[in-house]
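Asks: This is run11.pdb (PDB, C-alpha atoms, pLDDT in the B column).
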```pdb
ATOM      1  CA  MET A 262     -18.277   0.611  41.812  1.00 79.00           C
ATOM      2  CA  LEU A 263     -14.526   0.540  41.562  1.00 82.00           C
ATOM      3  CA  LYS A 264     -12.543   0.677  44.803  1.00 84.00           C
ATOM      4  CA  LYS A 265     -10.795   3.908  43.802  1.00 84.00           C
ATOM      5  CA  ASP A 266     -14.185   5.551  43.131  1.00 87.00           C
ATOM      6  CA  PHE A 267     -15.546   4.251  46.418  1.00 88.00           C
ATOM      7  CA  ASP A 268     -12.509   5.614  48.284  1.00 86.00           C
ATOM      8  CA  VAL A 269     -13.370   9.091  46.999  1.00 89.00           C
ATOM      9  CA  PHE A 270     -17.086   8.650  47.759  1.00 88.00           C
ATOM     10  CA  LYS A 271     -16.573   7.404  51.335  1.00 88.00           C
ATOM     11  CA  GLN A 272     -14.785  10.599  52.411  1.00 89.00           C
ATOM     12  CA  LYS A 273     -18.236  12.091  52.909  1.00 90.00           C
ATOM     13  CA  TYR A 274     -19.228   9.222  55.246  1.00 91.00           C
ATOM     14  CA  LEU A 275     -15.999   8.363  57.080  1.00 90.00           C
ATOM     15  CA  ALA A 276     -17.613   7.928  60.515  1.00 90.00           C
ATOM     16  CA  ASP A 277     -20.198   5.449  59.195  1.00 93.00           C
ATOM     17  CA  CYS A 278     -18.132   3.634  56.579  1.00 95.00           C
ATOM     18  CA  LYS A 279     -17.240   0.197  57.941  1.00 96.00           C
ATOM     19  CA  THR A 280     -16.897  -1.980  54.852  1.00 96.00           C
ATOM     20  CA  GLN A 281     -13.612  -3.781  54.302  1.00 96.00           C
ATOM     21  CA  SER A 282     -14.581  -5.093  50.881  1.00 96.00           C
ATOM     22  CA  SER A 283     -12.909  -4.267  47.593  1.00 95.00           C
ATOM     23  CA  ASN A 284     -15.549  -6.161  45.581  1.00 96.00           C
ATOM     24  CA  SER A 285     -17.198  -3.759  43.112  1.00 96.00           C
ATOM     25  CA  CYS A 286     -20.727  -5.154  43.595  1.00 97.00           C
ATOM     26  CA  VAL A 287     -20.479  -5.117  47.384  1.00 97.00           C
ATOM     27  CA  LEU A 288     -19.150  -1.561  47.219  1.00 96.00           C
ATOM     28  CA  GLU A 289     -22.053  -0.509  44.992  1.00 96.00           C
ATOM     29  CA  LEU A 290     -24.482  -1.960  47.534  1.00 97.00           C
ATOM     30  CA  TYR A 291     -22.647  -0.390  50.466  1.00 97.00           C
ATOM     31  CA  ARG A 292     -22.557   2.972  48.671  1.00 95.00           C
ATOM     32  CA  LEU A 293     -26.344   2.855  48.596  1.00 95.00           C
ATOM     33  CA  MET A 294     -26.461   1.939  52.292  1.00 94.00           C
ATOM     34  CA  LEU A 295     -24.214   4.859  53.244  1.00 94.00           C
ATOM     35  CA  GLU A 296     -26.022   7.329  51.018  1.00 93.00           C
ATOM     36  CA  LYS A 297     -29.510   6.370  52.189  1.00 93.00           C
ATOM     37  CA  GLU A 298     -28.885   5.264  55.779  1.00 92.00           C
ATOM     38  CA  ARG A 299     -29.974   8.581  57.261  1.00 88.00           C
ATOM     39  CA  VAL A 300     -32.510   9.776  54.687  1.00 84.00           C
ATOM     40  CA  ASP A 301     -36.217  10.216  55.288  1.00 73.00           C
ATOM     41  CA  SER A 302     -37.586   6.998  56.775  1.00 78.00           C
ATOM     42  CA  ASP A 303     -40.160   6.712  53.963  1.00 84.00           C
ATOM     43  CA  TYR A 304     -37.327   5.579  51.700  1.00 86.00           C
ATOM     44  CA  TRP A 305     -36.990   2.441  53.825  1.00 87.00           C
ATOM     45  CA  SER A 306     -40.534   1.998  55.178  1.00 83.00           C
ATOM     46  CA  GLU A 307     -42.140   2.246  51.736  1.00 81.00           C
ATOM     47  CA  GLU A 308     -39.654  -0.305  50.357  1.00 81.00           C
ATOM     48  CA  HIS A 309     -37.846   2.059  47.982  1.00 86.00           C
ATOM     49  CA  GLY A 310     -34.629   0.957  49.697  1.00 89.00           C
ATOM     50  CA  ALA A 311     -35.559  -2.695  49.282  1.00 90.00           C
ATOM     51  CA  ALA A 312     -36.291  -2.182  45.587  1.00 88.00           C
ATOM     52  CA  ASP A 313     -32.963  -0.386  45.039  1.00 91.00           C
ATOM     53  CA  ILE A 314     -31.022  -3.104  46.871  1.00 93.00           C
ATOM     54  CA  ILE A 315     -32.782  -5.862  44.934  1.00 91.00           C
ATOM     55  CA  ARG A 316     -32.004  -4.088  41.647  1.00 90.00           C
ATOM     56  CA  ILE A 317     -28.313  -4.117  42.572  1.00 94.00           C
ATOM     57  CA  PHE A 318     -28.565  -7.828  43.386  1.00 94.00           C
ATOM     58  CA  GLU A 319     -30.342  -8.572  40.102  1.00 90.00           C
ATOM     59  CA  ASN A 320     -28.071  -6.488  37.888  1.00 91.00           C
ATOM     60  CA  CYS A 321     -24.693  -7.056  39.472  1.00 93.00           C
ATOM     61  CA  PHE A 322     -24.378 -10.034  41.809  1.00 96.00           C
ATOM     62  CA  THR A 323     -22.866 -13.390  40.872  1.00 96.00           C
ATOM     63  CA  ASP A 324     -22.297 -16.351  43.213  1.00 95.00           C
ATOM     64  CA  HIS A 325     -18.872 -14.908  44.011  1.00 97.00           C
ATOM     65  CA  ASP A 326     -20.363 -11.514  44.943  1.00 97.00           C
ATOM     66  CA  TRP A 327     -22.895 -13.088  47.315  1.00 97.00           C
ATOM     67  CA  LYS A 328     -20.011 -14.780  49.151  1.00 98.00           C
ATOM     68  CA  GLU A 329     -18.037 -11.534  49.252  1.00 98.00           C
ATOM     69  CA  LEU A 330     -21.050  -9.745  50.728  1.00 98.00           C
ATOM     70  CA  GLU A 331     -21.479 -12.413  53.392  1.00 98.00           C
ATOM     71  CA  THR A 332     -17.800 -12.001  54.326  1.00 98.00           C
ATOM     72  CA  ASP A 333     -18.192  -8.222  54.672  1.00 98.00           C
ATOM     73  CA  LEU A 334     -21.443  -8.125  56.700  1.00 98.00           C
ATOM     74  CA  PRO A 335     -19.686  -8.497  60.109  1.00 97.00           C
ATOM     75  CA  ASN A 336     -17.998  -5.131  59.461  1.00 97.00           C
ATOM     76  CA  TRP A 337     -21.299  -3.258  59.112  1.00 96.00           C
ATOM     77  CA  THR A 338     -22.885  -1.256  61.921  1.00 94.00           C
ATOM     78  CA  LEU A 339     -26.004  -2.479  63.686  1.00 92.00           C
ATOM     79  CA  ALA A 340     -28.073   0.287  62.079  1.00 92.00           C
ATOM     80  CA  GLN A 341     -26.855  -0.739  58.619  1.00 95.00           C
ATOM     81  CA  LEU A 342     -27.593  -4.396  59.330  1.00 95.00           C
ATOM     82  CA  GLU A 343     -31.083  -3.533  60.571  1.00 93.00           C
ATOM     83  CA  LEU A 344     -31.935  -1.575  57.414  1.00 94.00           C
ATOM     84  CA  PHE A 345     -30.373  -4.245  55.227  1.00 96.00           C
ATOM     85  CA  THR A 346     -32.204  -7.120  56.957  1.00 95.00           C
ATOM     86  CA  GLU A 347     -35.518  -5.312  56.585  1.00 92.00           C
ATOM     87  CA  ALA A 348     -34.752  -4.588  52.923  1.00 93.00           C
ATOM     88  CA  ILE A 349     -33.745  -8.104  51.902  1.00 93.00           C
ATOM     89  CA  MET A 350     -36.989  -9.396  53.400  1.00 92.00           C
ATOM     90  CA  GLY A 351     -38.974  -6.794  51.494  1.00 81.00           C
ATOM     91  CA  GLY A 352     -39.482  -5.733  47.944  1.00 66.00           C
ATOM     92  CA  TYR A 353     -42.048  -7.273  45.640  1.00 59.00           C
ATOM     93  CA  HIS A 354     -44.133  -8.261  48.669  1.00 50.00           C
ATOM     94  CA  SER A 355     -47.127  -6.455  47.218  1.00 44.00           C
ATOM     95  CA  TYR A 356     -47.266  -9.065  44.465  1.00 46.00           C
ATOM     96  CA  THR A 357     -47.994 -11.778  47.029  1.00 48.00           C
ATOM     97  CA  GLU A 358     -50.612  -9.944  49.103  1.00 46.00           C
ATOM     98  CA  ASN A 359     -53.859 -11.806  49.774  1.00 44.00           C
ATOM     99  CA  GLY A 360     -52.616 -15.064  48.297  1.00 48.00           C
ATOM    100  CA  VAL A 361     -52.194 -13.661  44.783  1.00 49.00           C
ATOM    101  CA  TYR A 362     -48.822 -15.090  43.873  1.00 51.00           C
ATOM    102  CA  TYR A 363     -47.234 -13.074  41.101  1.00 49.00           C
ATOM    103  CA  GLU A 364     -50.232 -13.141  38.770  1.00 52.00           C
ATOM    104  CA  HIS A 365     -49.324 -11.511  35.471  1.00 49.00           C
ATOM    105  CA  TYR A 366     -45.665 -11.201  36.490  1.00 53.00           C
ATOM    106  CA  ASP A 367     -42.534 -13.025  35.436  1.00 60.00           C
ATOM    107  CA  VAL A 368     -42.109 -15.180  38.555  1.00 60.00           C
ATOM    108  CA  GLU A 369     -38.625 -16.355  37.613  1.00 65.00           C
ATOM    109  CA  SER A 370     -37.345 -12.816  37.210  1.00 65.00           C
ATOM    110  CA  LEU A 371     -39.001 -11.429  40.343  1.00 69.00           C
ATOM    111  CA  THR A 372     -37.857 -14.260  42.596  1.00 78.00           C
ATOM    112  CA  LYS A 373     -34.367 -15.073  41.347  1.00 84.00           C
ATOM    113  CA  THR A 374     -32.554 -13.404  44.277  1.00 90.00           C
ATOM    114  CA  ILE A 375     -34.835 -14.701  47.039  1.00 91.00           C
ATOM    115  CA  PRO A 376     -32.835 -17.870  47.875  1.00 93.00           C
ATOM    116  CA  ASN A 377     -29.642 -15.808  48.170  1.00 95.00           C
ATOM    117  CA  ARG A 378     -31.410 -13.191  50.267  1.00 94.00           C
ATOM    118  CA  LEU A 379     -32.735 -15.876  52.599  1.00 94.00           C
ATOM    119  CA  SER A 380     -29.263 -17.398  52.863  1.00 95.00           C
ATOM    120  CA  LEU A 381     -27.893 -14.033  54.032  1.00 97.00           C
ATOM    121  CA  LEU A 382     -30.172 -14.196  57.075  1.00 97.00           C
ATOM    122  CA  ILE A 383     -28.029 -16.972  58.558  1.00 97.00           C
ATOM    123  CA  PRO A 384     -24.773 -14.943  58.753  1.00 97.00           C
ATOM    124  CA  ILE A 385     -26.810 -11.937  59.925  1.00 96.00           C
ATOM    125  CA  LEU A 386     -28.217 -14.015  62.794  1.00 96.00           C
ATOM    126  CA  ARG A 387     -24.740 -15.302  63.601  1.00 95.00           C
ATOM    127  CA  ILE A 388     -23.450 -11.722  63.752  1.00 95.00           C
ATOM    128  CA  GLU A 389     -26.246 -10.926  66.189  1.00 93.00           C
ATOM    129  CA  LYS A 390     -25.221 -13.827  68.437  1.00 91.00           C
ATOM    130  CA  GLU A 391     -21.526 -12.895  68.274  1.00 91.00           C
ATOM    131  CA  ARG A 392     -22.230  -9.280  69.225  1.00 88.00           C
ATOM    132  CA  GLY A 393     -24.086 -10.381  72.325  1.00 82.00           C
ATOM    133  CA  PRO A 394     -27.391  -9.917  74.132  1.00 73.00           C
ATOM    134  CA  GLY A 395     -27.691  -6.237  73.253  1.00 68.00           C
ATOM    135  CA  TYR A 396     -28.349  -7.104  69.595  1.00 69.00           C
ATOM    136  CA  PRO A 397     -31.733  -8.873  69.420  1.00 72.00           C
ATOM    137  CA  GLU A 398     -32.982  -6.378  66.862  1.00 87.00           C
ATOM    138  CA  LEU A 399     -31.997  -8.489  63.865  1.00 93.00           C
ATOM    139  CA  SER A 400     -33.928 -11.598  64.900  1.00 94.00           C
ATOM    140  CA  ILE A 401     -36.888  -9.382  65.827  1.00 93.00           C
ATOM    141  CA  ILE A 402     -36.859  -7.925  62.301  1.00 94.00           C
ATOM    142  CA  ILE A 403     -36.803 -11.436  60.842  1.00 95.00           C
ATOM    143  CA  ARG A 404     -39.692 -12.574  63.048  1.00 95.00           C
ATOM    144  CA  GLN A 405     -41.696  -9.448  62.150  1.00 93.00           C
ATOM    145  CA  ASN A 406     -41.174 -10.161  58.446  1.00 92.00           C
ATOM    146  CA  ILE A 407     -41.927 -13.872  58.600  1.00 93.00           C
ATOM    147  CA  HIS A 408     -44.565 -13.333  55.887  1.00 90.00           C
ATOM    148  CA  PHE A 409     -41.672 -12.993  53.437  1.00 91.00           C
ATOM    149  CA  ILE A 410     -40.521 -16.551  54.140  1.00 93.00           C
ATOM    150  CA  ASN A 411     -44.077 -17.892  54.182  1.00 93.00           C
ATOM    151  CA  ASP A 412     -45.035 -16.156  50.938  1.00 87.00           C
ATOM    152  CA  HIS A 413     -41.969 -17.466  49.090  1.00 88.00           C
ATOM    153  CA  PHE A 414     -41.659 -20.880  50.728  1.00 92.00           C
ATOM    154  CA  ASP A 415     -42.907 -22.925  47.755  1.00 89.00           C
ATOM    155  CA  ILE A 416     -41.030 -20.804  45.215  1.00 85.00           C
ATOM    156  CA  VAL A 417     -37.744 -21.219  47.114  1.00 89.00           C
ATOM    157  CA  LEU A 418     -38.169 -24.998  47.436  1.00 92.00           C
ATOM    158  CA  ARG A 419     -39.031 -25.348  43.748  1.00 89.00           C
ATOM    159  CA  LYS A 420     -35.758 -23.602  42.902  1.00 88.00           C
ATOM    160  CA  ASN A 421     -33.809 -26.011  45.110  1.00 92.00           C
ATOM    161  CA  PRO A 422     -35.230 -28.462  47.692  1.00 94.00           C
ATOM    162  CA  GLU A 423     -32.045 -27.984  49.745  1.00 94.00           C
ATOM    163  CA  ASN A 424     -33.281 -24.474  50.554  1.00 95.00           C
ATOM    164  CA  LEU A 425     -35.444 -26.182  53.180  1.00 96.00           C
ATOM    165  CA  GLN A 426     -32.303 -26.538  55.320  1.00 96.00           C
ATOM    166  CA  THR A 427     -31.647 -22.805  55.028  1.00 96.00           C
ATOM    167  CA  ILE A 428     -35.194 -22.032  56.168  1.00 97.00           C
ATOM    168  CA  GLN A 429     -34.873 -24.493  59.066  1.00 97.00           C
ATOM    169  CA  GLN A 430     -31.661 -22.775  60.194  1.00 96.00           C
ATOM    170  CA  ILE A 431     -33.342 -19.374  60.050  1.00 96.00           C
ATOM    171  CA  VAL A 432     -36.224 -20.703  62.148  1.00 96.00           C
ATOM    172  CA  GLU A 433     -33.846 -22.044  64.806  1.00 95.00           C
ATOM    173  CA  LEU A 434     -31.434 -19.098  64.928  1.00 94.00           C
ATOM    174  CA  SER A 435     -34.112 -16.372  64.915  1.00 94.00           C
ATOM    175  CA  GLY A 436     -36.343 -17.774  67.638  1.00 93.00           C
ATOM    176  CA  ILE A 437     -39.199 -18.530  65.244  1.00 94.00           C
ATOM    177  CA  ALA A 438     -39.084 -22.142  66.465  1.00 93.00           C
ATOM    178  CA  ALA A 439     -40.278 -21.040  69.926  1.00 93.00           C
ATOM    179  CA  SER A 440     -42.788 -18.480  68.655  1.00 93.00           C
ATOM    180  CA  GLN A 441     -46.494 -19.204  68.756  1.00 93.00           C
ATOM    181  CA  ASP A 442     -47.765 -16.384  66.561  1.00 93.00           C
ATOM    182  CA  GLN A 443     -49.700 -17.386  63.458  1.00 95.00           C
ATOM    183  CA  GLY A 444     -46.921 -16.673  60.972  1.00 94.00           C
ATOM    184  CA  ALA A 445     -44.498 -18.870  62.923  1.00 95.00           C
ATOM    185  CA  ILE A 446     -47.063 -21.668  63.227  1.00 96.00           C
ATOM    186  CA  ASP A 447     -47.759 -21.492  59.481  1.00 96.00           C
ATOM    187  CA  LEU A 448     -44.041 -21.637  58.658  1.00 96.00           C
ATOM    188  CA  LYS A 449     -43.382 -24.548  61.028  1.00 96.00           C
ATOM    189  CA  ASN A 450     -46.304 -26.443  59.456  1.00 96.00           C
ATOM    190  CA  LYS A 451     -44.905 -25.809  55.962  1.00 96.00           C
ATOM    191  CA  ILE A 452     -41.499 -27.088  57.051  1.00 96.00           C
ATOM    192  CA  LYS A 453     -43.028 -30.188  58.610  1.00 95.00           C
ATOM    193  CA  LYS A 454     -45.080 -30.913  55.480  1.00 95.00           C
ATOM    194  CA  ALA A 455     -42.081 -30.336  53.171  1.00 93.00           C
ATOM    195  CA  GLY A 456     -39.923 -32.652  55.292  1.00 81.00           C
ATOM    196  CA  ASN A 457     -42.329 -35.569  54.892  1.00 74.00           C
TER     197      ASN A 457
END
```
Could you express the structure from this file as structure tokens?
Replies:
Amino acid sequence: MLKKDFDVFKQKYLADCKTQSSNSCVLELYRLMLEKERVDSDYWSEEHGAADIIRIFENCFTDHDWKELETDLPNWTLAQLELFTEAIMGGYHSYTENGVYYEHYDVESLTKTIPNRLSLLIPILRIEKERGPGYPELSIIIRQNIHFINDHFDIVLRKNPENLQTIQQIVELSGIAASQDQGAIDLKNKIKKAGN
């Protein structure tokens, strides 16, 4: 979305529009966030929002755009960050249910944005820490969606073994390291095994 087009669009959402970006891909993503932020919750809870966000990532984003998005995230409202965090840890999860990993699907195509999406969790967690103790919602969302990291752990490491460091940072910053629920234990065991 061109900046001039976004400037016209945002007039409808002036109170909620916090982006400072002029990047066309980031603006396209943020347009979706503004448009759908206050719609029926089914849009987000049934992962329609996640699917739409992932489509924008797949069809538009380059390495430069991912960096531009990371730079703009601190401008977003808490509500926008919550929806976004939930969305980037969603989408395509149904393909990994019950240990069935992408059978009959093009794994490369379905998983190409996952390392970038995981990397975004680090600046999101840093934003949470900068905003203070009233903002634990983002790390809670990450801990509640730990299955996303567990389900894609091997895929992400096959793409680049250095992604292990990203996952380790997420575990430390989100509080997963101190958690004793089964998902956290499983993830910590995977990290330990991968580090050996």
Asks: If the PyMOL selection byres ((chain A and resi 322) around 12) were run on this exact file, what residues would it hold? Put them as a PDB file with C-alpha atoms, keeping the file's coordinate frame.
Replies:
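expr16.pdb written:
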```pdb
ATOM      1  CA  ASN A 284     -15.549  -6.161  45.581  1.00 96.00           C
ATOM      2  CA  SER A 285     -17.198  -3.759  43.112  1.00 96.00           C
ATOM      3  CA  CYS A 286     -20.727  -5.154  43.595  1.00 97.00           C
ATOM      4  CA  VAL A 287     -20.479  -5.117  47.384  1.00 97.00           C
ATOM      5  CA  LEU A 288     -19.150  -1.561  47.219  1.00 96.00           C
ATOM      6  CA  GLU A 289     -22.053  -0.509  44.992  1.00 96.00           C
ATOM      7  CA  LEU A 290     -24.482  -1.960  47.534  1.00 97.00           C
ATOM      8  CA  ILE A 314     -31.022  -3.104  46.871  1.00 93.00           C
ATOM      9  CA  ILE A 315     -32.782  -5.862  44.934  1.00 91.00           C
ATOM     10  CA  ARG A 316     -32.004  -4.088  41.647  1.00 90.00           C
ATOM     11  CA  ILE A 317     -28.313  -4.117  42.572  1.00 94.00           C
ATOM     12  CA  PHE A 318     -28.565  -7.828  43.386  1.00 94.00           C
ATOM     13  CA  GLU A 319     -30.342  -8.572  40.102  1.00 90.00           C
ATOM     14  CA  ASN A 320     -28.071  -6.488  37.888  1.00 91.00           C
ATOM     15  CA  CYS A 321     -24.693  -7.056  39.472  1.00 93.00           C
ATOM     16  CA  THR A 323     -22.866 -13.390  40.872  1.00 96.00           C
ATOM     17  CA  ASP A 324     -22.297 -16.351  43.213  1.00 95.00           C
ATOM     18  CA  HIS A 325     -18.872 -14.908  44.011  1.00 97.00           C
ATOM     19  CA  ASP A 326     -20.363 -11.514  44.943  1.00 97.00           C
ATOM     20  CA  TRP A 327     -22.895 -13.088  47.315  1.00 97.00           C
ATOM     21  CA  LYS A 328     -20.011 -14.780  49.151  1.00 98.00           C
ATOM     22  CA  GLU A 329     -18.037 -11.534  49.252  1.00 98.00           C
ATOM     23  CA  LEU A 330     -21.050  -9.745  50.728  1.00 98.00           C
ATOM     24  CA  LYS A 373     -34.367 -15.073  41.347  1.00 84.00           C
ATOM     25  CA  THR A 374     -32.554 -13.404  44.277  1.00 90.00           C
ATOM     26  CA  ASN A 377     -29.642 -15.808  48.170  1.00 95.00           C
ATOM     27  CA  ARG A 378     -31.410 -13.191  50.267  1.00 94.00           C
TER      28      ARG A 378
END
```
Asks: Given the file shown, determine the residues that the PyMOL selection byres ((chain A and resi 400-403) around 8) selects; report them as a list in words.
Replies: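 Taken on the displayed file, the PyMOL selection byres ((chain A and resi 400-403) around 8) yields the residues Glu343, Thr346, Glu347, Met350, Leu386, Glu389, Pro397, Glu398, Leu399, Arg404, Gln405, Asn406, Ile407, Leu434, Ser435 and Gly436 of chain A.
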Asks: Quick check, in Å to one decimal: how far apart do atom CA of Ala348 of chain A and atom CA of Glu308 of chain A lie?
Replies: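 Computed distance, atom CA of Ala348 of chain A to atom CA of Glu308 of chain A, equals 7.0 Å.
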Asks: Run the PyMOL selection byres ((chain A and resi 266) around 12) mentally over the shown coordinates, then write out the matched residues as a list of chain:residue names, using the chain letters and numbers from the document.
Replies: A:Met262, A:Leu263, A:Lys264, A:Lys265, A:Phe267, A:Asp268, A:Val269, A:Phe270, A:Lys271, A:Gln272, A:Ser283, A:Ser285, A:Leu288, A:Glu289, A:Arg292
Asks: Between atom CA of Pro335 of chain A and atom CA of Lys297 of chain A, what is the spacing in Å?
Replies: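 One can read the atom CA of Lys297 of chain A to atom CA of Pro335 of chain A distance as 19.5 Å.
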Asks: Go ahead and compute the interatomic distance for atom CA of Gln429 of chain A and atom CA of Leu448 of chain A, in Å to one decimal.
Replies: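 Value for the atom CA of Gln429 of chain A-atom CA of Leu448 of chain A distance: 9.6 Å.
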Asks: May I ask which of the residues A:Ala276, A:Val300, A:Ile375, A:Leu344 is the closest one to Lys420 of chain A, counting all atoms listed in the file?
Replies: A:Ile375
Asks: Of the candidates A:Ile452, A:Arg419, A:Leu295, A:Pro384, which shows the shortest atom-to-atom distance to Ala438 of chain A, using all atoms listed in the file?
Replies: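 Answer, going by the shortest atom-to-atom distance: A:Ile452.
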Asks: Calculated over only C-alpha atoms, which of the candidates A:Thr372, A:Thr338, A:Ser380, A:Asn457 has the smallest distance to Asp277 of chain A?
Replies: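 Answer, going by the shortest atom-to-atom distance: A:Thr338.
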